[in-house]
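A.B. asks: This is the content of run_34.pdb (PDB, C-alpha atoms):
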```pdb
ATOM      1  CA  MET N   1      -6.931  16.174  49.773  1.00  0.00           C
ATOM      2  CA  THR N   2      -4.647  16.993  46.836  1.00  0.00           C
ATOM      3  CA  PRO N   3      -4.873  14.572  43.876  1.00  0.00           C
ATOM      4  CA  ALA N   4      -1.732  12.568  43.140  1.00  0.00           C
ATOM      5  CA  ILE N   5       0.260  13.546  40.076  1.00  0.00           C
ATOM      6  CA  LEU N   6       1.908  10.779  38.139  1.00  0.00           C
ATOM      7  CA  GLU N   7       4.986  11.677  36.117  1.00  0.00           C
ATOM      8  CA  ILE N   8       6.871   9.066  34.137  1.00  0.00           C
ATOM      9  CA  LYS N   9      10.125   9.515  32.239  1.00  0.00           C
ATOM     10  CA  ALA N  10      11.681   6.745  30.209  1.00  0.00           C
ATOM     11  CA  ALA N  11      14.970   6.512  28.382  1.00  0.00           C
ATOM     12  CA  ILE N  12      16.906   3.740  26.761  1.00  0.00           C
ATOM     13  CA  GLN N  13      20.352   3.560  25.271  1.00  0.00           C
ATOM     14  CA  ILE N  14      20.699   2.818  21.557  1.00  0.00           C
ATOM     15  CA  GLN N  15      24.151   1.637  20.662  1.00  0.00           C
ATOM     16  CA  LYS N  16      24.503   3.403  17.330  1.00  0.00           C
ATOM     17  CA  PRO N  17      26.109   6.721  16.322  1.00  0.00           C
ATOM     18  CA  ILE N  18      24.015   9.808  17.106  1.00  0.00           C
ATOM     19  CA  HIS N  19      23.636  10.783  13.440  1.00  0.00           C
ATOM     20  CA  GLU N  20      22.281   7.316  12.592  1.00  0.00           C
ATOM     21  CA  VAL N  21      19.711   7.488  15.395  1.00  0.00           C
ATOM     22  CA  PHE N  22      18.682  11.012  14.380  1.00  0.00           C
ATOM     23  CA  GLU N  23      18.227  10.021  10.728  1.00  0.00           C
ATOM     24  CA  ALA N  24      16.224   6.956  11.740  1.00  0.00           C
ATOM     25  CA  ILE N  25      13.832   9.277  13.580  1.00  0.00           C
ATOM     26  CA  ILE N  26      13.334  11.993  10.956  1.00  0.00           C
ATOM     27  CA  ASP N  27      13.753  10.104   7.665  1.00  0.00           C
ATOM     28  CA  PRO N  28      10.369   8.641   6.612  1.00  0.00           C
ATOM     29  CA  GLN N  29      12.101   5.985   4.504  1.00  0.00           C
ATOM     30  CA  LYS N  30      13.890   4.703   7.602  1.00  0.00           C
ATOM     31  CA  MET N  31      10.901   5.207   9.933  1.00  0.00           C
ATOM     32  CA  SER N  32       8.816   2.979   7.669  1.00  0.00           C
ATOM     33  CA  ASN N  33      11.070   0.098   8.706  1.00  0.00           C
ATOM     34  CA  TYR N  34       9.974   0.229  12.341  1.00  0.00           C
ATOM     35  CA  PHE N  35       7.082   2.626  13.013  1.00  0.00           C
ATOM     36  CA  ILE N  36       5.077   4.121  10.122  1.00  0.00           C
ATOM     37  CA  SER N  37       3.911   2.794   6.771  1.00  0.00           C
ATOM     38  CA  LYS N  38       4.412   6.036   4.809  1.00  0.00           C
ATOM     39  CA  ALA N  39       4.903   9.768   5.279  1.00  0.00           C
ATOM     40  CA  SER N  40       4.718  12.960   3.272  1.00  0.00           C
ATOM     41  CA  GLY N  41       8.235  14.081   4.199  1.00  0.00           C
ATOM     42  CA  ARG N  42      10.945  14.318   6.822  1.00  0.00           C
ATOM     43  CA  MET N  43       9.880  15.074  10.376  1.00  0.00           C
ATOM     44  CA  GLU N  44      10.620  18.568  11.602  1.00  0.00           C
ATOM     45  CA  GLU N  45       9.787  18.116  15.263  1.00  0.00           C
ATOM     46  CA  VAL N  46      10.549  14.824  16.948  1.00  0.00           C
ATOM     47  CA  LYS N  47       9.449  12.726  19.916  1.00  0.00           C
ATOM     48  CA  GLN N  48      11.640   9.607  20.031  1.00  0.00           C
ATOM     49  CA  ILE N  49       9.885   6.266  19.598  1.00  0.00           C
ATOM     50  CA  LEU N  50      12.763   4.658  21.420  1.00  0.00           C
ATOM     51  CA  ALA N  51      11.784   1.022  21.914  1.00  0.00           C
ATOM     52  CA  CYS N  52      10.800   0.506  18.256  1.00  0.00           C
ATOM     53  CA  LEU N  53      13.881   2.403  17.097  1.00  0.00           C
ATOM     54  CA  LYS N  54      16.225   0.353  19.288  1.00  0.00           C
ATOM     55  CA  CYS N  55      14.728  -2.926  18.019  1.00  0.00           C
ATOM     56  CA  TYR N  56      15.168  -1.871  14.406  1.00  0.00           C
ATOM     57  CA  LEU N  57      18.608  -0.243  14.571  1.00  0.00           C
ATOM     58  CA  GLU N  58      20.370  -2.669  16.898  1.00  0.00           C
ATOM     59  CA  TYR N  59      18.672  -5.962  16.083  1.00  0.00           C
ATOM     60  CA  GLY N  60      17.062  -5.453  12.678  1.00  0.00           C
ATOM     61  CA  ILE N  61      13.619  -6.291  14.085  1.00  0.00           C
ATOM     62  CA  ASN N  62      10.657  -4.710  12.300  1.00  0.00           C
ATOM     63  CA  LEU N  63       7.876  -4.505  14.908  1.00  0.00           C
ATOM     64  CA  ARG N  64       5.342  -3.637  12.206  1.00  0.00           C
ATOM     65  CA  LYS N  65       5.891  -6.904  10.290  1.00  0.00           C
ATOM     66  CA  GLY N  66       2.644  -8.844  10.268  1.00  0.00           C
ATOM     67  CA  ALA N  67       0.738  -6.170  12.202  1.00  0.00           C
ATOM     68  CA  PHE N  68      -1.576  -5.398   9.294  1.00  0.00           C
ATOM     69  CA  ASP N  69      -1.786  -8.833   7.654  1.00  0.00           C
ATOM     70  CA  TYR N  70      -5.414  -9.102   8.720  1.00  0.00           C
ATOM     71  CA  MET N  71      -6.246  -6.235   6.342  1.00  0.00           C
ATOM     72  CA  ARG N  72      -5.044  -8.187   3.300  1.00  0.00           C
ATOM     73  CA  LYS N  73      -7.415 -10.428   1.410  1.00  0.00           C
TER      74      LYS N  73
END
```
In structure tokens, write the structure found in this file.
C.D. replies:
Amino acid sequence: MTPAILEIKAAIQIQKPIHEVFEAIIDPQKMSNYFISKASGRMEEVKQILACLKCYLEYGINLRKGAFDYMRK
């Protein structure tokens, strides 16, 4: 019996200009608004974090807000 192989592909549409989406992915200043807290520089290779990016760019929602509040005293 051959084991089953699961392959999943996901894509979403972000209703912003391509250059704005690209910059939001590689610019650490912009990424810190929806995905990371800090970075050492611009990303050179990219895997799109699409759901977080869409929330931030289209609706201004920061999914990181409050996520680390428990670490504060």
A.B. asks: Name the residues captured by the PyMOL selection byres ((chain N and resi 25-28) around 8) when it is applied to the shown file; answer as a PyMOL selection string.
C.D. replies: chain N and resi 21-24+29-32+36+38-44+46+48-49+53
A.B. asks: What is the distance, in Å and to one decimal place, between CA of Pro17 (chain N) and CA of Leu63 (chain N)?
C.D. replies: 21.5 Å
A.B. asks: Could you please determine the separation between CA of Gln13 (chain N) and CA of Cys52 (chain N) in Å, to one decimal place?
C.D. replies: 12.2 Å
A.B. asks: If I take CA of Asn62 (chain N) and CA of Asn33 (chain N), how far is one from the other in Å, to one decimal?
C.D. replies: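 CA of Asn33 (chain N) lies 6.0 Å from CA of Asn62 (chain N).
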A.B. asks: Which is closest to Glu20 (chain N) among N:Glu58, N:Arg64, N:Thr2, N:Tyr70, if we use all atoms listed in the file?
C.D. replies: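 The closest residue to Glu20 (chain N) is N:Glu58.
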A.B. asks: Once you add 3 Å to each side, what are the centre and edge lengths of the axis-aligned box holding all listed atoms of region 13-32 of chain N? One decimal in Å, as lines of an AutoDock Vina configuration file, if you can.
C.D. replies:
```
center_x = 17.5
center_y = 6.8
center_z = 14.9
size_x = 23.3
size_y = 16.4
size_z = 26.8
```
